[in-house]
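What follows is the content of start27.cif, which has mmCIF, C-alpha atoms:
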data_protein
loop_
_atom_site.label_atom_id
_atom_site.label_comp_id
_atom_site.auth_asym_id
_atom_site.auth_seq_id
_atom_site.Cartn_x
_atom_site.Cartn_y
_atom_site.Cartn_z
CA MET N 1 11.32 -13.47 -17.13
CA LEU N 2 11.51 -9.91 -18.40
CA LEU N 3 8.17 -8.46 -17.32
CA LEU N 4 6.28 -5.25 -17.93
CA ALA N 5 4.24 -4.39 -14.81
CA ILE N 6 1.31 -1.95 -14.82
CA GLU N 7 -0.50 -0.39 -11.83
CA THR N 8 -3.58 1.87 -12.05
CA SER N 9 -5.69 0.93 -9.02
CA CYS N 10 -6.23 4.46 -7.72
CA ASP N 11 -4.53 7.75 -8.58
CA GLU N 12 -1.04 6.72 -9.71
CA THR N 13 -0.33 5.60 -13.25
CA ALA N 14 2.69 3.35 -12.93
CA ALA N 15 4.73 1.03 -15.12
CA ALA N 16 7.95 -0.88 -14.53
CA VAL N 17 10.24 -3.30 -16.27
CA VAL N 18 11.58 -6.00 -13.95
CA ARG N 19 13.74 -9.03 -14.68
CA GLY N 20 13.30 -12.24 -12.72
CA GLY N 21 10.87 -10.67 -10.27
CA ARG N 22 13.79 -8.96 -8.50
CA ASP N 23 15.92 -6.76 -10.78
CA ILE N 24 14.24 -3.38 -11.33
CA LEU N 25 15.25 -1.94 -14.71
CA SER N 26 12.75 0.92 -14.48
CA ASN N 27 9.93 2.01 -12.18
CA VAL N 28 7.92 5.00 -13.38
CA VAL N 29 5.11 6.56 -11.35
CA SER N 30 2.94 9.43 -12.58
CA SER N 31 1.03 10.91 -9.64
CA GLN N 32 -2.32 12.71 -9.76
CA ILE N 33 -2.01 14.28 -6.30
CA ALA N 34 -1.94 17.86 -7.61
CA ILE N 35 -5.16 17.29 -9.57
CA HIS N 36 -7.13 15.71 -6.72
CA ALA N 37 -5.83 18.09 -4.05
CA ALA N 38 -8.35 20.70 -5.17
CA TYR N 39 -11.16 18.30 -4.25
CA GLY N 40 -9.69 17.12 -0.95
CA GLY N 41 -9.54 13.50 -2.13
CA VAL N 42 -9.51 11.22 -5.15
CA VAL N 43 -12.35 11.75 -7.63
CA PRO N 44 -12.83 8.39 -9.43
CA GLU N 45 -13.98 9.75 -12.80
CA ILE N 46 -11.11 12.25 -12.96
CA ALA N 47 -8.65 9.54 -11.95
CA SER N 48 -9.84 7.27 -14.78
CA ARG N 49 -9.56 10.03 -17.38
CA LYS N 50 -6.05 10.91 -16.23
CA HIS N 51 -5.00 7.25 -16.42
CA LEU N 52 -6.22 7.18 -20.04
CA GLU N 53 -4.02 10.20 -20.82
CA SER N 54 -0.97 8.87 -19.00
CA ILE N 55 -0.90 5.10 -19.56
CA ALA N 56 0.82 5.06 -22.97
CA PRO N 57 3.47 7.70 -22.11
CA VAL N 58 4.24 6.02 -18.78
CA ILE N 59 4.65 2.58 -20.38
CA GLY N 60 6.83 4.13 -23.08
CA GLN N 61 9.00 5.84 -20.49
CA ALA N 62 9.38 2.62 -18.49
CA LEU N 63 10.54 0.72 -21.57
CA GLN N 64 12.90 3.52 -22.59
CA GLU N 65 14.49 3.78 -19.15
CA ALA N 66 14.92 0.00 -19.06
CA GLY N 67 16.49 -0.02 -22.51
CA ALA N 68 13.97 -2.66 -23.56
CA GLY N 69 11.66 -3.00 -26.52
CA MET N 70 8.19 -4.51 -26.65
CA ASP N 71 9.61 -7.47 -28.59
CA GLU N 72 11.86 -8.38 -25.63
CA LEU N 73 9.05 -8.68 -23.09
CA GLU N 74 8.22 -12.20 -21.93
CA GLY N 75 5.10 -11.36 -19.95
CA VAL N 76 2.88 -8.64 -18.50
CA VAL N 77 1.64 -8.33 -14.93
CA VAL N 78 -1.10 -5.89 -13.93
CA THR N 79 -3.25 -5.00 -10.95
CA ARG N 80 -6.61 -6.73 -11.29
CA GLY N 81 -8.02 -5.34 -8.01
CA PRO N 82 -9.03 -4.14 -5.56
CA GLY N 83 -9.38 -0.47 -6.44
CA LEU N 84 -11.46 1.98 -8.44
CA SER N 85 -13.12 0.04 -11.25
CA GLY N 86 -12.61 2.69 -13.91
CA ALA N 87 -9.00 3.19 -12.97
CA LEU N 88 -8.30 -0.55 -12.89
CA LEU N 89 -9.83 -1.01 -16.35
CA VAL N 90 -7.34 1.36 -17.95
CA GLY N 91 -4.27 -0.55 -16.83
CA PHE N 92 -5.92 -3.95 -17.25
CA SER N 93 -7.02 -3.21 -20.81
CA ALA N 94 -3.55 -1.99 -21.72
CA ALA N 95 -1.96 -5.12 -20.26
CA LYS N 96 -4.31 -7.46 -22.12
CA ALA N 97 -3.80 -5.57 -25.38
CA ILE N 98 0.00 -5.74 -25.14
CA ALA N 99 -0.11 -9.43 -24.22
CA ALA N 100 -2.43 -10.24 -27.14
CA ALA N 101 -0.43 -8.19 -29.65
CA ARG N 102 2.92 -9.66 -28.59
CA LYS N 103 1.49 -13.18 -28.02
CA ILE N 104 2.90 -13.31 -24.50
CA PRO N 105 1.15 -14.29 -21.24
CA PHE N 106 -0.25 -11.82 -18.75
CA VAL N 107 -1.42 -12.22 -15.16
CA GLY N 108 -3.72 -10.06 -13.06
CA VAL N 109 -2.65 -9.87 -9.41
CA HIS N 110 -4.04 -8.49 -6.16
CA HIS N 111 -2.84 -4.97 -5.37
CA ILE N 112 -1.97 -5.89 -1.78
CA GLU N 113 0.10 -8.85 -3.01
CA GLY N 114 2.36 -6.29 -4.60
CA HIS N 115 2.77 -4.45 -1.31
CA LEU N 116 3.37 -7.71 0.58
CA PHE N 117 6.29 -8.60 -1.67
CA ALA N 118 7.77 -5.14 -2.34
CA THR N 119 10.54 -5.86 0.13
CA PHE N 120 11.57 -8.88 -2.03
CA LEU N 121 12.88 -6.37 -4.58
CA GLU N 122 15.57 -5.51 -2.02
CA GLN N 123 15.84 -8.64 0.11
CA PRO N 124 13.92 -11.94 -0.02
CA VAL N 125 12.04 -13.05 3.10
CA ALA N 126 11.73 -16.71 4.03
CA PHE N 127 8.20 -18.13 4.32
CA PRO N 128 6.17 -18.12 6.47
CA PHE N 129 6.03 -14.56 7.76
CA LEU N 130 3.60 -12.13 9.34
CA ALA N 131 2.69 -9.01 7.37
CA LEU N 132 1.17 -5.69 8.41
CA VAL N 133 -0.15 -3.78 5.39
CA VAL N 134 -0.99 -0.17 6.20
CA SER N 135 -2.29 2.18 3.51
CA GLY N 136 -5.10 4.57 2.73
CA GLY N 137 -7.57 1.75 2.21
CA HIS N 138 -6.07 -1.16 4.14
CA THR N 139 -4.91 -1.89 7.67
CA HIS N 140 -4.60 -5.67 7.68
CA LEU N 141 -2.54 -8.34 9.39
CA TYR N 142 -1.78 -11.41 7.26
CA HIS N 143 -0.09 -14.73 7.82
CA VAL N 144 1.82 -15.41 4.60
CA GLU N 145 2.69 -19.03 3.86
CA GLY N 146 3.74 -18.48 0.25
CA PHE N 147 2.65 -16.83 -2.98
CA GLY N 148 -1.14 -16.91 -3.13
CA ARG N 149 -1.41 -18.43 0.34
CA TYR N 150 -2.63 -15.77 2.78
CA THR N 151 -4.71 -15.85 5.94
CA THR N 152 -6.19 -12.62 7.29
CA LEU N 153 -5.61 -12.36 11.04
CA GLY N 154 -6.97 -8.86 11.61
CA ARG N 155 -8.40 -5.96 9.64
CA THR N 156 -9.83 -2.49 10.07
CA ILE N 157 -13.55 -2.43 10.83
CA ASP N 158 -13.91 1.18 9.66
CA ASP N 159 -11.28 3.76 8.66
CA ALA N 160 -7.86 2.44 7.67
CA ALA N 161 -4.86 4.10 9.32
CA GLY N 162 -3.87 6.01 6.19
CA GLU N 163 -7.44 7.21 5.74
CA ALA N 164 -7.49 8.43 9.36
CA TYR N 165 -4.24 10.31 8.73
CA ASP N 166 -5.57 12.12 5.68
CA LYS N 167 -8.98 12.87 7.22
CA SER N 168 -7.40 14.16 10.44
CA ALA N 169 -5.04 16.31 8.41
CA LYS N 170 -8.01 17.79 6.56
CA ILE N 171 -9.71 18.52 9.90
CA MET N 172 -6.58 20.42 10.96
CA GLY N 173 -6.67 22.47 7.77
CA MET N 174 -3.81 20.76 5.94
CA PRO N 175 -3.76 20.24 2.16
CA TYR N 176 -4.53 16.81 0.69
CA PRO N 177 -2.92 14.36 1.17
CA GLY N 178 -1.88 15.38 4.68
CA GLY N 179 -0.58 12.13 6.13
CA ALA N 180 3.06 12.87 5.33
CA LEU N 181 2.70 16.41 6.75
CA ILE N 182 1.36 15.03 10.04
CA ASP N 183 4.45 12.81 10.23
CA ARG N 184 6.79 15.76 9.66
CA MET N 185 5.03 18.00 12.18
CA ALA N 186 4.86 15.21 14.75
CA ARG N 187 8.67 15.22 14.98
CA SER N 188 8.51 18.70 16.57
CA GLY N 189 5.56 17.94 18.85
CA ASN N 190 5.00 16.37 22.25
CA PRO N 191 3.31 12.94 21.86
CA ASP N 192 2.06 13.18 25.46
CA ALA N 193 0.50 16.63 25.08
CA LEU N 194 -2.99 15.24 24.45
CA ARG N 195 -4.54 11.98 25.55
CA LEU N 196 -6.31 10.66 22.48
CA PRO N 197 -8.20 7.33 22.39
CA ARG N 198 -6.64 4.02 21.36
CA PRO N 199 -9.63 2.23 19.75
CA LEU N 200 -9.84 -1.55 20.27
CA LEU N 201 -6.47 -1.54 22.01
CA HIS N 202 -7.59 -3.96 24.73
CA ASP N 203 -10.53 -5.77 23.09
CA GLY N 204 -8.61 -9.03 22.66
CA SER N 205 -8.98 -9.11 18.87
CA LEU N 206 -6.47 -8.36 16.12
CA ASN N 207 -8.84 -5.94 14.40
CA PHE N 208 -8.34 -2.19 14.07
CA SER N 209 -10.58 0.87 14.28
CA PHE N 210 -9.48 4.44 13.64
CA SER N 211 -12.76 6.31 13.10
CA GLY N 212 -13.05 7.12 16.81
CA LEU N 213 -9.55 8.57 16.85
CA LYS N 214 -10.41 10.75 13.86
CA THR N 215 -13.55 11.92 15.68
CA ALA N 216 -11.46 12.76 18.75
CA VAL N 217 -9.24 14.97 16.56
CA LEU N 218 -12.36 16.68 15.21
CA GLN N 219 -13.62 17.36 18.75
CA GLN N 220 -10.21 18.59 19.88
CA VAL N 221 -9.95 21.05 16.99
CA ALA N 222 -13.53 22.24 17.62
CA ARG N 223 -12.61 23.02 21.25
CA ASN N 224 -9.15 24.39 20.52
CA PRO N 225 -8.67 25.46 16.89
CA VAL N 226 -5.12 25.03 15.63
CA THR N 227 -3.12 27.16 13.25
CA ILE N 228 -0.34 25.85 11.05
CA PRO N 229 2.45 26.23 11.83
CA SER N 230 2.21 26.31 15.62
CA GLN N 231 3.35 24.29 18.59
CA GLY N 232 -0.25 23.34 19.26
CA ALA N 233 -0.57 21.81 15.80
CA ASP N 234 2.73 19.96 16.23
CA ASP N 235 1.57 18.57 19.58
CA LEU N 236 -1.75 17.42 18.12
CA CYS N 237 0.04 15.70 15.24
CA ALA N 238 2.48 14.02 17.62
CA SER N 239 -0.31 12.86 19.93
CA PHE N 240 -2.33 11.54 17.01
CA GLN N 241 0.63 9.68 15.56
CA GLU N 242 1.53 8.21 18.93
CA ALA N 243 -2.00 6.82 19.29
CA VAL N 244 -1.98 5.24 15.81
CA CYS N 245 1.47 3.71 16.22
CA GLN N 246 0.72 2.39 19.69
CA VAL N 247 -2.37 0.56 18.41
CA LEU N 248 -0.56 -0.82 15.35
CA ALA N 249 2.38 -2.00 17.44
CA ALA N 250 0.18 -3.56 20.14
CA LYS N 251 -1.96 -5.51 17.65
CA THR N 252 1.05 -6.59 15.63
CA GLY N 253 2.83 -7.70 18.78
CA ALA N 254 -0.21 -9.76 19.79
CA ALA N 255 -0.29 -11.37 16.34
CA ILE N 256 3.40 -12.24 16.59
CA ARG N 257 2.89 -13.89 19.97
CA GLN N 258 -0.20 -15.79 18.85
CA SER N 259 1.31 -17.02 15.58
CA GLY N 260 4.85 -17.60 16.77
CA ALA N 261 6.13 -15.64 13.76
CA THR N 262 9.84 -14.90 13.61
CA ARG N 263 9.68 -12.53 10.62
CA LEU N 264 7.57 -9.39 10.13
CA VAL N 265 6.99 -7.48 6.90
CA VAL N 266 5.51 -3.98 7.17
CA ALA N 267 4.27 -2.59 3.85
CA GLY N 268 1.93 -0.11 2.20
CA GLY N 269 2.01 3.66 1.84
CA VAL N 270 1.93 4.36 5.58
CA ALA N 271 5.08 2.22 5.96
CA CYS N 272 6.90 5.41 4.91
CA ASN N 273 5.84 6.98 8.22
CA SER N 274 8.83 7.56 10.49
CA GLY N 275 6.81 6.98 13.66
CA LEU N 276 5.54 3.62 12.43
CA ARG N 277 8.98 2.51 11.26
CA SER N 278 10.43 3.41 14.66
CA SER N 279 7.63 1.67 16.56
CA MET N 280 7.98 -1.52 14.52
CA ALA N 281 11.75 -1.54 14.92
CA ALA N 282 11.37 -1.25 18.70
CA LEU N 283 8.71 -3.98 18.77
CA CYS N 284 10.80 -6.43 16.75
CA THR N 285 13.89 -5.76 18.86
CA GLN N 286 11.84 -6.46 21.99
CA LEU N 287 10.38 -9.72 20.60
CA GLY N 288 13.47 -10.91 18.76
CA VAL N 289 11.74 -10.83 15.38
CA GLU N 290 13.34 -10.01 12.00
CA LEU N 291 11.85 -6.84 10.51
CA TYR N 292 11.55 -6.09 6.80
CA ILE N 293 10.27 -2.71 5.58
CA PRO N 294 10.76 -1.63 1.94
CA HIS N 295 12.57 1.56 1.03
CA PRO N 296 10.07 4.46 1.05
CA SER N 297 10.17 4.56 -2.76
CA LEU N 298 8.66 1.06 -2.79
CA CYS N 299 6.08 1.62 -0.04
CA GLY N 300 3.64 3.72 -2.04
CA ASP N 301 1.75 2.45 -5.08
CA ASN N 302 4.19 1.44 -7.82
CA ALA N 303 4.35 -1.17 -10.56
CA ALA N 304 7.66 -2.88 -9.77
CA MET N 305 6.21 -4.51 -6.65
CA LEU N 306 3.66 -6.39 -8.81
CA ALA N 307 6.44 -8.15 -10.69
CA VAL N 308 7.42 -10.24 -7.66
CA PRO N 309 4.20 -12.29 -7.45
CA GLY N 310 3.68 -11.87 -11.19
CA ASP N 311 6.98 -13.53 -12.03
CA TYR N 312 6.16 -16.42 -9.70
CA TYR N 313 2.70 -17.01 -11.19
CA LEU N 314 3.86 -16.83 -14.79
CA SER N 315 6.85 -19.08 -14.10
CA GLN N 316 4.34 -21.63 -12.72
CA GLY N 317 2.24 -21.39 -15.87
CA LEU N 318 -0.56 -19.52 -14.08
CA ALA N 319 -1.35 -16.98 -16.79
CA SER N 320 -4.69 -15.18 -16.82
CA SER N 321 -7.29 -15.60 -19.52
CA GLN N 322 -8.09 -12.75 -21.90
CA SER N 323 -11.69 -13.06 -20.65
CA LEU N 324 -10.70 -12.12 -17.09
CA ASP N 325 -12.09 -8.83 -15.79
CA VAL N 326 -11.11 -6.42 -13.00
CA THR N 327 -12.64 -6.62 -9.53
CA ALA N 328 -13.14 -3.62 -7.26
CA THR N 329 -13.22 -5.85 -4.18
CA TRP N 330 -11.16 -9.00 -3.70
CA ASN N 331 -10.57 -11.03 -0.55
CA MET N 332 -6.91 -11.99 -0.14
CA ASP N 333 -7.85 -15.24 1.61
CA SER N 334 -9.55 -16.54 -1.54
CA ILE N 335 -6.68 -15.95 -3.95
CA LYS N 336 -5.31 -19.48 -3.68
CA ASP N 337 -8.71 -20.81 -4.79
CA THR N 338 -9.16 -18.47 -7.75
CA LEU N 339 -5.68 -18.20 -9.26
CA PRO N 340 -4.97 -16.84 -11.69
#

Any chance you could give the structure as structure tokens?
Amino acid sequence: MLLLAIETSCDETAAAVVRGGRDILSNVVSSQIAIHAAYGGVVPEIASRKHLESIAPVIGQALQEAGAGMDELEGVVVTRGPGLSGALLVGFSAAKAIAAARKIPFVGVHHIEGHLFATFLEQPVAFPFLALVVSGGHTHLYHVEGFGRYTTLGRTIDDAAGEAYDKSAKIMGMPYPGGALIDRMARSGNPDALRLPRPLLHDGSLNFSFSGLKTAVLQQVARNPVTIPSQGADDLCASFQEAVCQVLAAKTGAAIRQSGATRLVVAGGVACNSGLRSSMAALCTQLGVELYIPHPSLCGDNAAMLAVPGDYYLSQGLASSQSLDVTATWNMDSIKDTLP
């Protein structure tokens, strides 16, 4: 199917045209980072207003770059949740309007489903597989049996890894969002310079916790203020990143051993992180597991990734009703019982 995909769950207005759930004809992302940087984080009301301004131009650009007209579309896929309610409503309303006007089906999908299957846009992965999704709002381990069939094995009990990155960066005086800057600075630092905590590393569960690590960074900076750039800042970044990656690798390794998985997908915005990619590559080499990580351009929020599950659902006749609404919270485990 030739699908238009729309993503507006947080602070990126994105649209893509994808054929057959695999062939990306266009993938346009309009970021609001510059707007929210002044506030040190995403402001929901501002994000919603900016989506309203950007949604039509972004969809138009996606169609133009794909060389496709509205009359050629066979379906629309859109993020239904989770996310910011106001932001979600903008994309969801646009998707429903296009579907109704063109008399084509639409389907609302889970945002994390998109991340799970982003790697399918480059290379399909055989089911079942284990997935680690790491982003600003999620640090979850899933067992994936097929489209819509997910079991949560572990999750963050407080701050997600991406959230800890951005909050720690703010503590160090870096501009928002600072996660990518920590990664760059960490390459010049000594990961053994500071001994930071590894929360829940040996608790026997597959859950994560990063709030204590963030607090340790706060205490470290209070005792020894850092300036940027400096070797001290580089060392703190490297030590912080080493702690995060060690926890993520240890928990993922435990999940692989417990589940007997032979394939691992790592996805989400933090999957761009060079330290995480290196740690996961080393882990999978050690355990003899196949590793799949999308290209960095497909790790962050984008619309093309939604077309993979969207194409599957629509091809199975699982279109959403025009009465369906967005949901700010949505448990992945329940998707198979509530589709579409």

Apply the PyMOL selection byres ((chain N and resi 17) around 6) to the structure shown and report the selected residues as number ranges by chain. N: 3-4, 16, 18, 25-26

Ground truth for the PyMOL selection byres ((chain N and resi 163) around 10), written as number ranges by chain: N: 134-139, 158-162, 164-169, 177-179, 210-211, 214, 270

C-alpha atoms of the current selection, written as a short mmCIF file (atom, residue, chain, number, x, y, z; two decimals), in the coordinates of the input:
data_model
loop_
_atom_site.label_atom_id
_atom_site.label_comp_id
_atom_site.auth_asym_id
_atom_site.auth_seq_id
_atom_site.Cartn_x
_atom_site.Cartn_y
_atom_site.Cartn_z
CA VAL N 134 -0.99 -0.17 6.20
CA SER N 135 -2.29 2.18 3.51
CA GLY N 136 -5.10 4.57 2.73
CA GLY N 137 -7.57 1.75 2.21
CA HIS N 138 -6.07 -1.16 4.14
CA THR N 139 -4.91 -1.89 7.67
CA ASP N 158 -13.91 1.18 9.66
CA ASP N 159 -11.28 3.76 8.66
CA ALA N 160 -7.86 2.44 7.67
CA ALA N 161 -4.86 4.10 9.32
CA GLY N 162 -3.87 6.01 6.19
CA ALA N 164 -7.49 8.43 9.36
CA TYR N 165 -4.24 10.31 8.73
CA ASP N 166 -5.57 12.12 5.68
CA LYS N 167 -8.98 12.87 7.22
CA SER N 168 -7.40 14.16 10.44
CA ALA N 169 -5.04 16.31 8.41
CA PRO N 177 -2.92 14.36 1.17
CA GLY N 178 -1.88 15.38 4.68
CA GLY N 179 -0.58 12.13 6.13
CA PHE N 210 -9.48 4.44 13.64
CA SER N 211 -12.76 6.31 13.10
CA LYS N 214 -10.41 10.75 13.86
CA VAL N 270 1.93 4.36 5.58
#

Coordinates-based distance that separates atom CA of Phe117 of chain N from atom CA of Leu206 of chain N (Å, one decimal):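 Computed distance, atom CA of Leu206 of chain N to atom CA of Phe117 of chain N, equals 21.9 Å.
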
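Our summary of the geometry notes that atom CA of Phe240 of chain N is positioned 6.8 Å from atom CA of Leu196 of chain N.
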
Ground truth for the PyMOL selection byres ((chain N and resi 91) around 12), written as a PyMOL selection string: chain N and resi 4-15+48-56+58-59+76-81+83-90+92-98+108+303+325-326

Nearest to Ile293 of chain N, restricted to only C-alpha atoms and choosing among N:Pro124, N:Pro199, N:Gly154, N:Gly173, comes out as N:Pro124

Tell me which protein, DNA and RNA residues are within 10 Å of Gly75 of chain N, counting only C-alpha atoms, leaving out same-chain ones fewer than 4 positions away, and put them as a compact mmCIF listing (two decimals) with C-alpha atoms, in the frame of the given file.
# COMPACT_ATOMS: atom_id res chain seq x y z
CA MET N 1 11.32 -13.47 -17.13
CA LEU N 2 11.51 -9.91 -18.40
CA LEU N 3 8.17 -8.46 -17.32
CA LEU N 4 6.28 -5.25 -17.93
CA ALA N 5 4.24 -4.39 -14.81
CA ALA N 95 -1.96 -5.12 -20.26
CA ILE N 98 0.00 -5.74 -25.14
CA ALA N 99 -0.11 -9.43 -24.22
CA ARG N 102 2.92 -9.66 -28.59
CA LYS N 103 1.49 -13.18 -28.02
CA ILE N 104 2.90 -13.31 -24.50
CA PRO N 105 1.15 -14.29 -21.24
CA PHE N 106 -0.25 -11.82 -18.75
CA VAL N 107 -1.42 -12.22 -15.16
CA ALA N 307 6.44 -8.15 -10.69
CA GLY N 310 3.68 -11.87 -11.19
CA ASP N 311 6.98 -13.53 -12.03
CA LEU N 314 3.86 -16.83 -14.79
CA SER N 315 6.85 -19.08 -14.10
CA ALA N 319 -1.35 -16.98 -16.79

Neighbour residues at most 12 Å from (-3.7, 15.0, -8.0) (all atoms listed in the file) as a PyMOL selection string: chain N and resi 10-13+30-44+46-48+50-51+175-177

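When all atoms listed in the file are used to compute distances to His110 of chain N, the closest of the residues N:Tyr150, N:Leu213, N:Gln231, N:Phe129 turns out to be N:Tyr150.
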
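Computed from the coordinates, the atom CA of His143 of chain N to atom CA of Ile256 of chain N distance equals 9.8 Å.
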
Neighbouring residues of Thr156 of chain N were defined as those with any atom within 7 Å, considering all atoms listed in the file; residues of the same chain fewer than 5 positions away were excluded. Please report them as a VMD selection string. chain N and resid 139 to 140 207 to 209

List the neighbours of Leu181 of chain N out to 12 Å using all atoms listed in the file; skip same-chain residues closer than 6 positions along the sequence, and give me the result as a PyMOL selection string. chain N and resi 165-166+168-170+172-175+187-188+228-229+233-234+237-238+241+272-274
